[in-house]
Amino acid sequence: MSKVVWIIDPEQWPRALLRAELLERGYDAVGFLTVDDALRMMPMRWPDLIVVDLRHLSRQEAARLFGAEVPVIALTGVAPEPWVSELPFAAVLQRPVSIGNIADRVERLA
């Protein structure tokens, strides 16, 4: 059975491109617009890893992802918010970063 990777990003194109790359690599990739959308799915489909774009999230929203004890990869802007280092992300990738590099990190952590 393939590993499940959730992608949380309100922007369609980055989410779709990463999802396509992960599907090509054999993952069951599922995209979500918001943290709330993803967490509603949690009881039905548990992820093996979460990739989340932090550009549109507050610290409180991001922190909600850690109750599940699932590794979380954070995507940030060039200068990440100070609170990013306070949360236990499995990896933090700063833009600019390629879809391939994100998928490579997923493979190492999933």
# chains A, B, ... in the order shown; residues from 1 in each chain; ligands from 1

$ residues_around --residues "Val78 of chain A" --least-positions-apart "2" --cutoff "9 Å" --atoms "only C-alpha atoms" --output "MDAnalysis selection string"
chainID A and resid 76 80 94:96

$ write_last_selection --atoms "N, CA and C atoms" --output "PDB file, in the first residue's frame"
ATOM      1  N   THR A  76       8.315  27.631   3.625  1.00  0.00           N
ATOM      2  CA  THR A  76       8.258  29.020   4.079  1.00  0.00           C
ATOM      3  C   THR A  76       8.727  29.958   2.982  1.00  0.00           C
ATOM      4  N   PRO A  80      11.498  33.181   6.975  1.00  0.00           N
ATOM      5  CA  PRO A  80      10.396  32.577   7.728  1.00  0.00           C
ATOM      6  C   PRO A  80      10.035  33.383   8.976  1.00  0.00           C
ATOM      7  N   GLN A  94      12.907  26.512   2.697  1.00  0.00           N
ATOM      8  CA  GLN A  94      12.691  27.918   2.351  1.00  0.00           C
ATOM      9  C   GLN A  94      12.636  28.094   0.843  1.00  0.00           C
ATOM     10  N   ARG A  95      11.724  28.948   0.421  1.00  0.00           N
ATOM     11  CA  ARG A  95      11.653  29.299  -0.992  1.00  0.00           C
ATOM     12  C   ARG A  95      12.805  30.209  -1.360  1.00  0.00           C
ATOM     13  N   PRO A  96      13.265  30.132  -2.578  1.00  0.00           N
ATOM     14  CA  PRO A  96      12.764  29.261  -3.646  1.00  0.00           C
ATOM     15  C   PRO A  96      13.244  27.817  -3.461  1.00  0.00           C
TER      16      PRO A  96
END

$ residues_around --residues "Leu54 of chain A" --least-positions-apart "6" --cutoff "9 Å" --atoms "only C-alpha atoms" --output "list of chain:residue names"
A:Asp9, A:Ala62, A:Ala74, A:Leu75, A:Thr76, A:Gly77, A:Pro80, A:Glu81, A:Val84

$ select_by_dssp --residues "chain A" --states "strand (DSSP E)" --output "ChimeraX atom specification"
/A:4-8,28-32,49-53,72-76,91-94

$ closest_atom_pairs --of "segment 6-66 of chain A" --to "segment 104-108 of chain A" --cutoff "9 Å" --atoms "only C-alpha atoms" --output "tab-separated table"
residue	atom	partner	partner_atom	distance
A:Leu22	CA	A:Val106	CA	8.5
A:Arg25	CA	A:Glu107	CA	8.8
A:Leu49	CA	A:Val106	CA	7.6
A:Ile50	CA	A:Val106	CA	8.8
A:Val51	CA	A:Val106	CA	8.2

$ atom_distance --atom1 "atom CA of Trp13 of chain A" --atom2 "atom CA of Val92 of chain A"
20.3 Å

$ decode --residues "segment 16-60 of chain A" --atoms "N, CA and C atoms" --output "short mmCIF file (atom, residue, chain, number, x, y, z; two decimals), in the first residue's frame"
data_model
loop_
_atom_site.label_atom_id
_atom_site.label_comp_id
_atom_site.auth_asym_id
_atom_site.auth_seq_id
_atom_site.Cartn_x
_atom_site.Cartn_y
_atom_site.Cartn_z
N ALA A 16 -1.12 21.42 -6.86
CA ALA A 16 -1.32 20.46 -7.96
C ALA A 16 0.00 19.92 -8.50
N LEU A 17 1.00 20.78 -8.62
CA LEU A 17 2.30 20.33 -9.13
C LEU A 17 2.98 19.35 -8.18
N LEU A 18 2.95 19.66 -6.88
CA LEU A 18 3.55 18.75 -5.91
C LEU A 18 2.78 17.44 -5.86
N ARG A 19 1.47 17.52 -5.92
CA ARG A 19 0.64 16.31 -5.91
C ARG A 19 0.99 15.42 -7.11
N ALA A 20 1.11 16.02 -8.29
CA ALA A 20 1.45 15.26 -9.50
C ALA A 20 2.81 14.59 -9.36
N GLU A 21 3.79 15.31 -8.84
CA GLU A 21 5.13 14.74 -8.65
C GLU A 21 5.11 13.57 -7.68
N LEU A 22 4.38 13.72 -6.58
CA LEU A 22 4.32 12.65 -5.59
C LEU A 22 3.56 11.43 -6.12
N LEU A 23 2.51 11.67 -6.90
CA LEU A 23 1.79 10.55 -7.53
C LEU A 23 2.72 9.79 -8.46
N GLU A 24 3.54 10.51 -9.23
CA GLU A 24 4.51 9.87 -10.12
C GLU A 24 5.51 9.01 -9.34
N ARG A 25 5.81 9.42 -8.13
CA ARG A 25 6.77 8.68 -7.30
C ARG A 25 6.11 7.58 -6.48
N GLY A 26 4.81 7.37 -6.68
CA GLY A 26 4.13 6.25 -6.04
C GLY A 26 3.43 6.55 -4.74
N TYR A 27 3.33 7.81 -4.37
CA TYR A 27 2.63 8.18 -3.14
C TYR A 27 1.15 8.41 -3.42
N ASP A 28 0.35 8.24 -2.40
CA ASP A 28 -1.06 8.60 -2.46
C ASP A 28 -1.15 10.02 -1.92
N ALA A 29 -1.06 11.00 -2.81
CA ALA A 29 -1.02 12.41 -2.42
C ALA A 29 -2.41 13.02 -2.47
N VAL A 30 -2.76 13.71 -1.39
CA VAL A 30 -4.09 14.33 -1.27
C VAL A 30 -3.90 15.80 -0.95
N GLY A 31 -4.55 16.67 -1.72
CA GLY A 31 -4.41 18.11 -1.52
C GLY A 31 -5.56 18.71 -0.74
N PHE A 32 -5.24 19.71 0.07
CA PHE A 32 -6.24 20.43 0.88
C PHE A 32 -5.97 21.93 0.78
N LEU A 33 -7.04 22.70 0.86
CA LEU A 33 -6.92 24.16 0.84
C LEU A 33 -6.50 24.71 2.19
N THR A 34 -7.01 24.09 3.27
CA THR A 34 -6.78 24.63 4.62
C THR A 34 -6.44 23.51 5.61
N VAL A 35 -5.91 23.91 6.75
CA VAL A 35 -5.64 22.97 7.84
C VAL A 35 -6.96 22.35 8.30
N ASP A 36 -8.01 23.15 8.40
CA ASP A 36 -9.32 22.62 8.82
C ASP A 36 -9.80 21.51 7.89
N ASP A 37 -9.67 21.73 6.57
CA ASP A 37 -10.08 20.70 5.61
C ASP A 37 -9.31 19.40 5.86
N ALA A 38 -8.01 19.51 6.06
CA ALA A 38 -7.18 18.33 6.29
C ALA A 38 -7.56 17.63 7.59
N LEU A 39 -7.72 18.38 8.66
CA LEU A 39 -8.02 17.76 9.95
C LEU A 39 -9.39 17.08 9.97
N ARG A 40 -10.32 17.58 9.17
CA ARG A 40 -11.62 16.90 9.06
C ARG A 40 -11.47 15.52 8.43
N MET A 41 -10.47 15.34 7.60
CA MET A 41 -10.24 14.06 6.93
C MET A 41 -9.49 13.06 7.84
N MET A 42 -8.85 13.55 8.88
CA MET A 42 -7.99 12.72 9.74
C MET A 42 -8.66 11.43 10.21
N PRO A 43 -9.90 11.44 10.70
CA PRO A 43 -10.48 10.18 11.17
C PRO A 43 -10.68 9.15 10.05
N MET A 44 -10.80 9.61 8.82
CA MET A 44 -11.07 8.71 7.70
C MET A 44 -9.82 8.24 6.97
N ARG A 45 -8.79 9.08 6.96
CA ARG A 45 -7.60 8.76 6.17
C ARG A 45 -6.38 9.37 6.83
N TRP A 46 -5.68 8.59 7.59
CA TRP A 46 -4.53 9.05 8.35
C TRP A 46 -3.33 9.21 7.41
N PRO A 47 -2.64 10.37 7.46
CA PRO A 47 -1.48 10.54 6.58
C PRO A 47 -0.20 9.96 7.20
N ASP A 48 0.75 9.65 6.34
CA ASP A 48 2.08 9.25 6.79
C ASP A 48 2.99 10.47 6.93
N LEU A 49 2.64 11.55 6.22
CA LEU A 49 3.43 12.77 6.24
C LEU A 49 2.56 13.92 5.74
N ILE A 50 2.83 15.13 6.24
CA ILE A 50 2.10 16.33 5.81
C ILE A 50 3.10 17.35 5.29
N VAL A 51 2.78 17.96 4.15
CA VAL A 51 3.54 19.10 3.62
C VAL A 51 2.61 20.30 3.70
N VAL A 52 3.06 21.36 4.36
CA VAL A 52 2.20 22.53 4.56
C VAL A 52 2.93 23.81 4.16
N ASP A 53 2.23 24.66 3.42
CA ASP A 53 2.76 25.97 3.06
C ASP A 53 2.40 26.93 4.19
N LEU A 54 3.42 27.49 4.83
CA LEU A 54 3.18 28.37 5.98
C LEU A 54 2.90 29.82 5.61
N ARG A 55 3.04 30.17 4.34
CA ARG A 55 2.86 31.58 3.96
C ARG A 55 1.48 32.11 4.31
N HIS A 56 0.51 31.24 4.42
CA HIS A 56 -0.87 31.67 4.66
C HIS A 56 -1.39 31.26 6.03
N LEU A 57 -0.51 30.79 6.91
CA LEU A 57 -0.95 30.27 8.20
C LEU A 57 -0.43 31.08 9.37
N SER A 58 -1.19 31.07 10.44
CA SER A 58 -0.71 31.63 11.70
C SER A 58 -0.01 30.52 12.48
N ARG A 59 0.68 30.88 13.53
CA ARG A 59 1.34 29.90 14.39
C ARG A 59 0.31 28.93 14.96
N GLN A 60 -0.83 29.44 15.38
CA GLN A 60 -1.87 28.60 15.98
C GLN A 60 -2.39 27.57 14.99
#
